file structure36.cif (mmCIF, C-alpha atoms and all ligand atoms)
data_structure
#
loop_
_atom_site.label_atom_id
_atom_site.label_comp_id
_atom_site.auth_asym_id
_atom_site.auth_seq_id
_atom_site.Cartn_x
_atom_site.Cartn_y
_atom_site.Cartn_z
CA MET L 1 18.91 -32.36 39.71
CA ARG L 2 15.77 -30.45 38.83
CA ILE L 3 17.64 -28.56 36.08
CA ARG L 4 18.91 -31.84 34.68
CA ARG L 5 15.39 -33.28 34.65
CA THR L 6 14.01 -30.20 32.90
CA LEU L 7 16.80 -30.40 30.36
CA LEU L 8 16.08 -34.07 29.76
CA ALA L 9 12.38 -33.29 29.29
CA LEU L 10 13.27 -30.62 26.73
CA VAL L 11 15.57 -32.98 24.82
CA ILE L 12 12.84 -35.63 24.73
CA ALA L 13 10.32 -32.99 23.60
CA ILE L 14 12.58 -31.86 20.77
CA LEU L 15 13.26 -35.46 19.71
CA CYS L 16 9.52 -36.08 19.62
CA GLY L 17 9.05 -33.05 17.40
CA TRP L 18 7.34 -30.97 20.02
CA VAL L 19 9.04 -27.63 20.58
CA PRO L 20 7.63 -24.85 22.77
CA ALA L 21 6.53 -21.81 20.73
CA GLU L 22 9.10 -19.51 22.33
CA VAL L 23 11.93 -21.89 21.43
CA GLN L 24 11.00 -22.05 17.74
CA THR L 25 12.71 -19.55 15.45
CA ARG L 26 9.92 -18.97 12.96
CA LYS L 27 10.96 -17.56 9.63
CA LEU L 28 8.88 -14.89 7.93
CA LYS L 29 10.19 -13.74 4.56
CA ILE L 30 8.75 -10.65 2.90
CA TYR L 31 9.35 -9.47 -0.66
CA ILE L 32 8.92 -5.76 -1.44
CA SER L 33 8.58 -4.56 -5.04
CA ALA L 34 9.00 -0.78 -5.29
CA ASP L 35 7.81 1.42 -8.14
CA MET L 36 7.72 5.21 -8.17
CA GLU L 37 4.62 6.55 -9.95
CA GLY L 38 2.51 5.74 -6.89
CA VAL L 39 4.86 7.38 -4.39
CA VAL L 40 3.49 10.27 -2.32
CA GLY L 41 3.40 13.55 -4.27
CA VAL L 42 4.53 12.06 -7.62
CA VAL L 43 2.48 13.48 -10.51
CA THR L 44 4.71 13.99 -13.59
CA ALA L 45 8.06 13.10 -15.15
CA ASP L 46 9.56 15.96 -13.10
CA GLN L 47 9.76 13.49 -10.20
CA LEU L 48 10.31 10.22 -12.08
CA GLY L 49 13.76 10.23 -13.64
CA PRO L 50 17.24 11.75 -13.52
CA GLN L 51 16.20 14.47 -15.99
CA GLY L 52 13.41 15.71 -13.73
CA PHE L 53 14.17 18.71 -11.55
CA GLU L 54 12.50 17.10 -8.51
CA TYR L 55 13.86 13.56 -9.00
CA ASN L 56 16.49 13.60 -6.26
CA ARG L 57 14.00 14.69 -3.61
CA PHE L 58 11.44 12.14 -4.72
CA ARG L 59 14.01 9.30 -4.69
CA GLU L 60 14.25 10.08 -0.99
CA PHE L 61 10.46 9.88 -0.59
CA MET L 62 10.44 6.55 -2.46
CA THR L 63 13.25 5.28 -0.23
CA GLU L 64 11.43 6.45 2.90
CA GLU L 65 8.21 4.69 1.82
CA VAL L 66 10.13 1.45 1.30
CA LYS L 67 11.92 1.99 4.60
CA ALA L 68 8.59 2.52 6.38
CA ALA L 69 7.26 -0.78 5.02
CA THR L 70 10.53 -2.55 5.81
CA GLU L 71 10.77 -1.34 9.40
CA ALA L 72 7.09 -2.07 10.03
CA ALA L 73 7.50 -5.56 8.59
CA PHE L 74 10.47 -6.29 10.84
CA GLU L 75 8.53 -4.96 13.84
CA ALA L 76 5.63 -7.22 12.90
CA GLY L 77 7.87 -10.30 12.86
CA ALA L 78 9.55 -10.44 9.44
CA THR L 79 12.92 -12.17 9.64
CA GLU L 80 14.15 -11.54 6.10
CA ILE L 81 13.29 -8.92 3.47
CA VAL L 82 14.27 -8.65 -0.19
CA ILE L 83 13.50 -5.38 -1.98
CA SER L 84 13.44 -4.82 -5.73
CA ASP L 85 14.04 -1.35 -7.10
CA SER L 86 11.57 -1.68 -9.95
CA HIS L 87 11.15 1.76 -11.50
CA GLY L 88 12.88 3.37 -14.48
CA ASN L 89 16.57 2.50 -14.44
CA GLY L 90 16.16 0.35 -11.31
CA GLU L 91 18.66 2.60 -9.53
CA ASN L 92 16.35 4.89 -7.58
CA LEU L 93 16.49 3.67 -3.99
CA LEU L 94 19.13 5.24 -1.74
CA ILE L 95 20.34 1.89 -0.46
CA GLU L 96 22.48 3.33 2.36
CA LYS L 97 19.30 4.64 3.98
CA LEU L 98 17.63 1.22 4.20
CA PRO L 99 17.87 -1.04 7.27
CA LYS L 100 21.21 -2.88 7.07
CA ASN L 101 19.73 -6.39 7.11
CA VAL L 102 17.90 -6.28 3.75
CA THR L 103 19.08 -7.09 0.24
CA ILE L 104 18.18 -5.08 -2.85
CA VAL L 105 17.70 -6.07 -6.51
CA ARG L 106 18.83 -3.27 -8.86
CA SER L 107 18.82 -2.47 -12.60
CA TRP L 108 17.67 -4.51 -15.62
CA PRO L 109 17.00 -6.77 -17.44
CA ARG L 110 15.55 -9.39 -15.11
CA PRO L 111 13.69 -12.57 -16.09
CA LEU L 112 11.13 -11.94 -13.34
CA MET L 113 10.98 -8.18 -14.00
CA MET L 114 9.62 -6.30 -10.97
CA MET L 115 9.58 -9.56 -8.94
CA GLN L 116 13.19 -10.68 -9.40
CA GLY L 117 14.41 -12.51 -6.30
CA ILE L 118 11.07 -13.99 -5.27
CA ASP L 119 10.75 -17.74 -4.74
CA GLU L 120 8.66 -20.26 -2.80
CA THR L 121 10.41 -19.50 0.51
CA PHE L 122 8.63 -16.13 0.86
CA ASP L 123 5.48 -15.65 2.95
CA GLY L 124 4.13 -12.44 1.44
CA ALA L 125 4.70 -9.72 -1.15
CA ILE L 126 4.23 -5.96 -0.71
CA PHE L 127 3.92 -3.47 -3.58
CA ILE L 128 5.02 0.11 -2.87
CA GLY L 129 4.50 3.12 -5.17
CA TYR L 130 2.34 1.26 -7.69
CA HIS L 131 0.08 2.73 -10.41
CA THR L 132 -2.93 1.71 -12.53
CA SER L 133 -2.87 -0.16 -15.84
CA THR L 134 -2.82 1.60 -19.21
CA THR L 135 -6.44 0.53 -19.80
CA ASN L 136 -7.70 2.12 -16.56
CA MET L 137 -9.47 5.45 -17.18
CA SER L 138 -8.06 6.88 -13.97
CA GLY L 139 -4.82 6.89 -12.03
CA VAL L 140 -1.67 9.00 -11.98
CA ARG L 141 0.66 7.92 -14.83
CA ALA L 142 -1.62 4.95 -15.70
CA HIS L 143 0.47 2.57 -17.82
CA THR L 144 1.50 -1.05 -18.07
CA ILE L 145 5.26 -1.68 -18.23
CA SER L 146 5.94 1.06 -20.82
CA SER L 147 3.88 4.24 -21.01
CA ALA L 148 5.50 5.16 -24.33
CA ARG L 149 5.12 1.81 -26.09
CA LEU L 150 2.28 -0.39 -24.83
CA ALA L 151 -1.47 0.26 -25.15
CA ASP L 152 -2.68 -2.94 -23.46
CA VAL L 153 -1.34 -6.05 -21.74
CA ARG L 154 -3.71 -8.97 -21.22
CA LEU L 155 -3.32 -12.25 -19.39
CA ASN L 156 -5.76 -14.96 -20.51
CA GLY L 157 -7.89 -12.31 -22.21
CA THR L 158 -8.15 -9.79 -19.37
CA SER L 159 -6.34 -6.44 -19.26
CA ILE L 160 -4.09 -6.39 -16.24
CA PRO L 161 -2.00 -3.86 -14.30
CA GLU L 162 1.63 -4.46 -13.36
CA ALA L 163 0.30 -5.34 -9.91
CA GLY L 164 -1.63 -8.24 -11.50
CA ILE L 165 1.29 -9.57 -13.54
CA ASN L 166 3.51 -9.35 -10.48
CA ALA L 167 0.88 -10.96 -8.24
CA ALA L 168 0.71 -13.83 -10.74
CA ILE L 169 4.51 -14.25 -10.61
CA ALA L 170 4.35 -14.33 -6.80
CA GLY L 171 1.38 -16.71 -7.05
CA ARG L 172 3.42 -19.10 -9.21
CA PHE L 173 5.60 -19.51 -6.10
CA ASN L 174 2.53 -19.72 -3.81
CA VAL L 175 3.26 -16.29 -2.34
CA PRO L 176 0.25 -13.98 -1.75
CA VAL L 177 0.29 -10.21 -2.18
CA ILE L 178 -0.61 -8.73 1.20
CA MET L 179 -0.38 -4.96 0.76
CA ILE L 180 -0.16 -2.26 -1.91
CA SER L 181 0.48 1.49 -1.78
CA GLY L 182 -0.18 4.12 -4.43
CA ASP L 183 -3.04 6.36 -5.48
CA ASP L 184 -6.70 5.56 -4.81
CA ALA L 185 -7.18 4.19 -8.33
CA ILE L 186 -4.51 1.47 -8.11
CA VAL L 187 -5.61 0.45 -4.63
CA LYS L 188 -9.09 -0.06 -6.11
CA GLU L 189 -7.81 -1.84 -9.24
CA ALA L 190 -5.59 -4.14 -7.16
CA THR L 191 -8.23 -5.00 -4.55
CA ASP L 192 -10.81 -5.65 -7.31
CA LEU L 193 -8.37 -8.16 -8.81
CA LEU L 194 -6.63 -9.65 -5.76
CA GLY L 195 -9.30 -9.42 -3.07
CA ASN L 196 -9.17 -7.84 0.33
CA ILE L 197 -5.45 -6.99 0.58
CA GLU L 198 -4.35 -3.99 2.65
CA GLY L 199 -4.12 -0.75 0.68
CA ALA L 200 -2.35 2.49 1.58
CA VAL L 201 -3.79 5.41 -0.42
CA VAL L 202 -1.09 8.11 -0.33
CA LYS L 203 -2.76 10.36 -2.93
CA TRP L 204 -6.00 10.72 -4.90
CA ALA L 205 -5.78 10.83 -8.68
CA VAL L 206 -7.28 13.87 -10.39
CA SER L 207 -5.93 13.07 -13.85
CA PHE L 208 -2.95 11.38 -15.54
CA HIS L 209 -0.71 14.23 -14.37
CA ALA L 210 -2.50 15.57 -11.28
CA ALA L 211 -3.39 14.38 -7.78
CA LYS L 212 -4.31 15.52 -4.33
CA THR L 213 -1.57 14.13 -2.12
CA LEU L 214 -0.73 13.44 1.51
CA THR L 215 2.48 14.86 2.93
CA PRO L 216 5.45 12.45 2.95
CA GLU L 217 5.40 12.05 6.75
CA MET L 218 1.73 11.10 6.68
CA ALA L 219 2.31 8.61 3.85
CA TYR L 220 5.10 6.85 5.76
CA GLU L 221 2.86 6.57 8.81
CA LEU L 222 0.04 5.10 6.74
CA ILE L 223 2.35 2.60 5.00
CA ARG L 224 3.74 1.54 8.36
CA GLU L 225 0.23 0.97 9.74
CA LYS L 226 -1.03 -0.95 6.68
CA THR L 227 2.09 -3.13 6.55
CA LYS L 228 1.63 -4.15 10.18
CA LYS L 229 -2.06 -4.90 9.56
CA ALA L 230 -1.19 -6.98 6.49
CA ILE L 231 1.37 -9.07 8.35
CA ALA L 232 -1.03 -9.61 11.23
CA ARG L 233 -3.51 -10.97 8.64
CA ILE L 234 -0.94 -12.84 6.55
CA LYS L 235 -2.65 -16.23 6.92
CA GLU L 236 -5.85 -14.84 5.33
CA PHE L 237 -4.37 -14.02 1.91
CA LYS L 238 -4.45 -16.40 -1.04
CA PRO L 239 -1.80 -16.53 -3.80
CA TYR L 240 -3.10 -15.11 -7.10
CA LYS L 241 -3.00 -17.88 -9.69
CA VAL L 242 -3.46 -17.58 -13.44
CA LYS L 243 -4.59 -20.56 -15.47
CA GLU L 244 -1.81 -22.34 -17.38
CA PRO L 245 -0.78 -22.25 -20.17
CA VAL L 246 -0.88 -18.45 -19.96
CA GLN L 247 -2.04 -16.47 -22.99
CA LEU L 248 -0.39 -13.06 -23.24
CA ASP L 249 -1.76 -10.36 -25.56
CA VAL L 250 0.22 -7.18 -26.05
CA ARG L 251 -1.01 -4.14 -27.98
CA PHE L 252 1.72 -1.73 -29.07
CA LYS L 253 1.17 1.97 -29.64
CA ALA L 254 3.33 1.81 -32.80
CA TYR L 255 2.83 -0.40 -35.85
CA ARG L 256 6.22 -1.98 -36.48
CA PRO L 257 6.87 -4.00 -33.27
CA SER L 258 3.93 -6.35 -33.97
CA GLU L 259 4.91 -6.68 -37.63
CA LEU L 260 8.50 -7.67 -36.81
CA LEU L 261 7.70 -9.87 -33.81
CA SER L 262 5.31 -11.89 -36.01
CA TYR L 263 8.39 -13.17 -37.91
CA LEU L 264 9.00 -15.40 -34.88
CA SER L 265 7.03 -18.64 -35.04
CA ILE L 266 6.24 -18.45 -31.29
CA VAL L 267 4.40 -15.17 -31.88
CA GLN L 268 1.00 -14.67 -33.48
CA ARG L 269 0.00 -11.27 -34.86
CA THR L 270 -3.63 -10.74 -33.85
CA ASP L 271 -4.17 -7.31 -35.45
CA SER L 272 -2.14 -4.43 -36.88
CA HIS L 273 -0.77 -3.39 -33.48
CA SER L 274 -1.12 -6.57 -31.41
CA ILE L 275 0.62 -9.88 -30.82
CA ARG L 276 -0.10 -13.05 -28.85
CA PHE L 277 2.32 -15.34 -27.03
CA VAL L 278 1.37 -18.45 -25.08
CA GLY L 279 3.73 -19.42 -22.27
CA LYS L 280 3.62 -22.65 -20.27
CA ASP L 281 3.49 -20.49 -17.15
CA ILE L 282 3.76 -16.86 -16.00
CA ILE L 283 7.55 -17.23 -15.74
CA GLU L 284 7.82 -17.80 -19.51
CA VAL L 285 5.44 -14.89 -20.05
CA SER L 286 7.54 -12.67 -17.80
CA LYS L 287 10.73 -13.48 -19.71
CA PHE L 288 8.95 -12.84 -23.02
CA LEU L 289 7.64 -9.46 -21.79
CA GLU L 290 11.08 -8.45 -20.55
CA PHE L 291 12.57 -9.48 -23.88
CA ILE L 292 10.13 -7.58 -26.12
CA THR L 293 10.39 -4.41 -24.04
CA THR L 294 14.20 -4.49 -23.70
CA TYR L 295 15.79 -6.08 -26.75
CA GLU L 296 17.27 -3.95 -29.48
CA PRO L 297 20.07 -4.99 -31.85
CA SER L 298 22.14 -2.00 -30.79
CA LEU L 299 22.57 -3.47 -27.27
CA GLU L 300 26.14 -2.99 -26.06
CA PRO L 301 28.19 -4.38 -24.34
ZN ZN G 1 7.54 3.01 -12.62
#
call {"tool": "encode", "arguments": {"input": "structure36.cif", "output": "structure tokens", "more": "lines below"}}
Ligand SMILES: [Zn+2]
result
Amino acid sequence: MRIRRTLLALVIAILCGWVPAEVQTRKLKIYISADMEGVVGVVTADQLGPQGFEYNRFREFMTEEVKAATEAAFEAGATEIVISDSHGNGENLLIEKLPKNVTIVRSWPRPLMMMQGIDETFDGAIFIGYHTSTTNMSGVRAHTISSARLADVRLNGTSIPEAGINAAIAGRFNVPVIMISGDDAIVKEATDLLGNIEGAVVKWAVSFHAAKTLTPEMAYELIREKTKKAIARIKEFKPYKVKEPVQLDVRFKAYRPSELLSYLSIVQRTDSHSIRFVGKDIIEVSKFLEFITTYEPSLEP
């Protein structure tokens, strides 16, 4: 009788929209964008691509950093995690080493670049292994999108790191960035831009190709700790919004890209090496950036 009465009370409570906290299955979706230049110990191309003699070891360190963030996020209450492998060929993460209940975005091109897979259902974004912008005077492998080709990328007139472009994409979906890992310079650049997000400094930049670094084990521990802190504070963070329409200025290191792109009526050539594109939002800007850094007529298949 008592059980039946309790059950009835619960049914009434649910019908009235009141559900006890422990009965609710709260969803917490986290998006993790993973780059490699900011991974523990990374200093040169020797670690960054298949041609480098240390690449295979450092893919493991990158995977372990992502795994540390992923496991910590689950422990802190995350219910779903999407990871994007967002460095080089987009095929760096050793996916068999990641927790089995995540999904992974791999390879290119992608309309949302390093943020492919994000949407308005996510609660927070985490950046792992990030680096400073090409206009920053410090930071290991400081560059924006392409170290070989681009000398500056600006949104609405301000030079911006990849972390800023990606925060704006997340912000378009009302998702705040909650944590970043990398060297001390990107943690500073990102917190200057995005506010008081959690930052895991896994190395200290000495120059473009030198750093003082933590050991991998220590870096994983730090990333774990900062991820948990970030999720505990998740309600405090605000999505990063850029004013629309969004004006994109790109300065190339070479002369010919700006000359040729200016043949398109949607593109304005602003000086010998620079072009301007205005997108209705950051999504259009993202697609445009992916296009100009990927397209070549020799594309096959
Ligand atoms: Zn990278």
call {"tool": "residues_around", "arguments": {"input": "structure36.cif", "residues": "Glu236 (chain L)", "least_positions_apart": "5", "cutoff": "10 Å", "atoms": "all atoms listed in the file", "output": "PDB file with C-alpha atoms, in the frame of the given file"}}
result
ATOM      1  CA  PRO L 176       0.250 -13.980  -1.750  1.00  0.00           C
ATOM      2  CA  ILE L 178      -0.610  -8.730   1.200  1.00  0.00           C
ATOM      3  CA  ASN L 196      -9.170  -7.840   0.330  1.00  0.00           C
ATOM      4  CA  ILE L 197      -5.450  -6.990   0.580  1.00  0.00           C
ATOM      5  CA  ALA L 230      -1.190  -6.980   6.490  1.00  0.00           C
ATOM      6  CA  ILE L 231       1.370  -9.070   8.350  1.00  0.00           C
TER       7      ILE L 231
END
call {"tool": "closest_atom_pairs", "arguments": {"input": "structure36.cif", "of": "chain L", "to": "ligand ZN 1 (chain G)", "cutoff": "8 Å", "atoms": "only C-alpha atoms and all ligand atoms", "output": "tab-separated table"}}
result
residue	atom	partner	partner_atom	distance
L:Asp35	CA	G:ZN1	ZN	4.8
L:Met36	CA	G:ZN1	ZN	5.0
L:Glu37	CA	G:ZN1	ZN	5.3
L:Leu48	CA	G:ZN1	ZN	7.7
L:Ser86	CA	G:ZN1	ZN	6.7
L:His87	CA	G:ZN1	ZN	4.0
L:Gly88	CA	G:ZN1	ZN	5.7
L:Tyr130	CA	G:ZN1	ZN	7.4
L:His131	CA	G:ZN1	ZN	7.8
L:Ile145	CA	G:ZN1	ZN	7.7
call {"tool": "closest_residue", "arguments": {"input": "structure36.cif", "among": "L:Leu112, L:Ala232, L:Ala45, L:Met137", "to": "Arg172 (chain L)", "atoms": "all atoms listed in the file"}}
result
L:Leu112
call {"tool": "residues_around", "arguments": {"input": "structure36.cif", "residues": "region 101-105 of chain L", "least_positions_apart": "2", "cutoff": "12 Å", "atoms": "only C-alpha atoms", "output": "PyMOL selection string"}}
result
chain L and resi 29-34+63+66-67+70-71+73-74+78-87+89-99+107-110+112-118
call {"tool": "residues_around", "arguments": {"input": "structure36.cif", "residues": "Asn174 (chain L)", "least_positions_apart": "2", "cutoff": "10 Å", "atoms": "all atoms listed in the file", "output": "PyMOL selection string"}}
result
chain L and resi 119-124+167-172+176-177+238-241
call {"tool": "closest_atom_pairs", "arguments": {"input": "structure36.cif", "of": "region 114-161 of chain L", "to": "region 275-298 of chain L", "cutoff": "10 Å", "atoms": "only C-alpha atoms", "output": "CSV"}}
result
residue,atom,partner,partner_atom,distance
L:Met114,CA,L:Ser286,CA,9.6
L:Met115,CA,L:Ser286,CA,9.6
L:Ile145,CA,L:Thr293,CA,8.2
L:Ser146,CA,L:Thr293,CA,7.8
L:Arg149,CA,L:Thr293,CA,8.4
L:Leu150,CA,L:Thr293,CA,9.1
L:Val153,CA,L:Leu289,CA,9.6
L:Arg154,CA,L:Arg276,CA,9.4
L:Leu155,CA,L:Ile282,CA,9.1
L:Asn156,CA,L:Val278,CA,9.2
call {"tool": "residues_around", "arguments": {"input": "structure36.cif", "residues": "Ser147 (chain L)", "least_positions_apart": "4", "cutoff": "12 Å", "atoms": "only C-alpha atoms", "output": "short mmCIF file (atom, residue, chain, number, x, y, z; two decimals) with C-alpha atoms, in the frame of the given file"}}
result
data_model
loop_
_atom_site.label_atom_id
_atom_site.label_comp_id
_atom_site.auth_asym_id
_atom_site.auth_seq_id
_atom_site.Cartn_x
_atom_site.Cartn_y
_atom_site.Cartn_z
CA GLU L 37 4.62 6.55 -9.95
CA ALA L 45 8.06 13.10 -15.15
CA GLY L 88 12.88 3.37 -14.48
CA HIS L 131 0.08 2.73 -10.41
CA THR L 132 -2.93 1.71 -12.53
CA SER L 133 -2.87 -0.16 -15.84
CA THR L 134 -2.82 1.60 -19.21
CA THR L 135 -6.44 0.53 -19.80
CA VAL L 140 -1.67 9.00 -11.98
CA ARG L 141 0.66 7.92 -14.83
CA ALA L 142 -1.62 4.95 -15.70
CA HIS L 143 0.47 2.57 -17.82
CA ALA L 151 -1.47 0.26 -25.15
CA ASP L 152 -2.68 -2.94 -23.46
CA VAL L 153 -1.34 -6.05 -21.74
CA GLU L 162 1.63 -4.46 -13.36
CA PHE L 208 -2.95 11.38 -15.54
CA ARG L 251 -1.01 -4.14 -27.98
CA PHE L 252 1.72 -1.73 -29.07
CA LYS L 253 1.17 1.97 -29.64
CA THR L 293 10.39 -4.41 -24.04
#
call {"tool": "residues_near_point", "arguments": {"input": "structure36.cif", "point": "(1.2, -2.0, 2.9)", "cutoff": "10 Å", "atoms": "all atoms listed in the file", "output": "ChimeraX atom specification"}}
result
/L:32,65-66,68-70,72-73,125-128,177-182,197-201,222-231
call {"tool": "write_last_selection", "arguments": {"input": "structure36.cif", "atoms": "C-alpha atoms", "output": "PDB file, keeping the file's coordinate frame"}}
result
ATOM      1  CA  ILE L  32       8.920  -5.760  -1.440  1.00  0.00           C
ATOM      2  CA  GLU L  65       8.210   4.690   1.820  1.00  0.00           C
ATOM      3  CA  VAL L  66      10.130   1.450   1.300  1.00  0.00           C
ATOM      4  CA  ALA L  68       8.590   2.520   6.380  1.00  0.00           C
ATOM      5  CA  ALA L  69       7.260  -0.780   5.020  1.00  0.00           C
ATOM      6  CA  THR L  70      10.530  -2.550   5.810  1.00  0.00           C
ATOM      7  CA  ALA L  72       7.090  -2.070  10.030  1.00  0.00           C
ATOM      8  CA  ALA L  73       7.500  -5.560   8.590  1.00  0.00           C
ATOM      9  CA  ALA L 125       4.700  -9.720  -1.150  1.00  0.00           C
ATOM     10  CA  ILE L 126       4.230  -5.960  -0.710  1.00  0.00           C
ATOM     11  CA  PHE L 127       3.920  -3.470  -3.580  1.00  0.00           C
ATOM     12  CA  ILE L 128       5.020   0.110  -2.870  1.00  0.00           C
ATOM     13  CA  VAL L 177       0.290 -10.210  -2.180  1.00  0.00           C
ATOM     14  CA  ILE L 178      -0.610  -8.730   1.200  1.00  0.00           C
ATOM     15  CA  MET L 179      -0.380  -4.960   0.760  1.00  0.00           C
ATOM     16  CA  ILE L 180      -0.160  -2.260  -1.910  1.00  0.00           C
ATOM     17  CA  SER L 181       0.480   1.490  -1.780  1.00  0.00           C
ATOM     18  CA  GLY L 182      -0.180   4.120  -4.430  1.00  0.00           C
ATOM     19  CA  ILE L 197      -5.450  -6.990   0.580  1.00  0.00           C
ATOM     20  CA  GLU L 198      -4.350  -3.990   2.650  1.00  0.00           C
ATOM     21  CA  GLY L 199      -4.120  -0.750   0.680  1.00  0.00           C
ATOM     22  CA  ALA L 200      -2.350   2.490   1.580  1.00  0.00           C
ATOM     23  CA  VAL L 201      -3.790   5.410  -0.420  1.00  0.00           C
ATOM     24  CA  LEU L 222       0.040   5.100   6.740  1.00  0.00           C
ATOM     25  CA  ILE L 223       2.350   2.600   5.000  1.00  0.00           C
ATOM     26  CA  ARG L 224       3.740   1.540   8.360  1.00  0.00           C
ATOM     27  CA  GLU L 225       0.230   0.970   9.740  1.00  0.00           C
ATOM     28  CA  LYS L 226      -1.030  -0.950   6.680  1.00  0.00           C
ATOM     29  CA  THR L 227       2.090  -3.130   6.550  1.00  0.00           C
ATOM     30  CA  LYS L 228       1.630  -4.150  10.180  1.00  0.00           C
ATOM     31  CA  LYS L 229      -2.060  -4.900   9.560  1.00  0.00           C
ATOM     32  CA  ALA L 230      -1.190  -6.980   6.490  1.00  0.00           C
ATOM     33  CA  ILE L 231       1.370  -9.070   8.350  1.00  0.00           C
TER      34      ILE L 231
END
call {"tool": "closest_residue", "arguments": {"input": "structure36.cif", "among": "L:Thr213, L:Asn136, L:Ser262, L:Gln247", "to": "Ser274 (chain L)", "atoms": "all atoms listed in the file"}}
result
L:Ser262
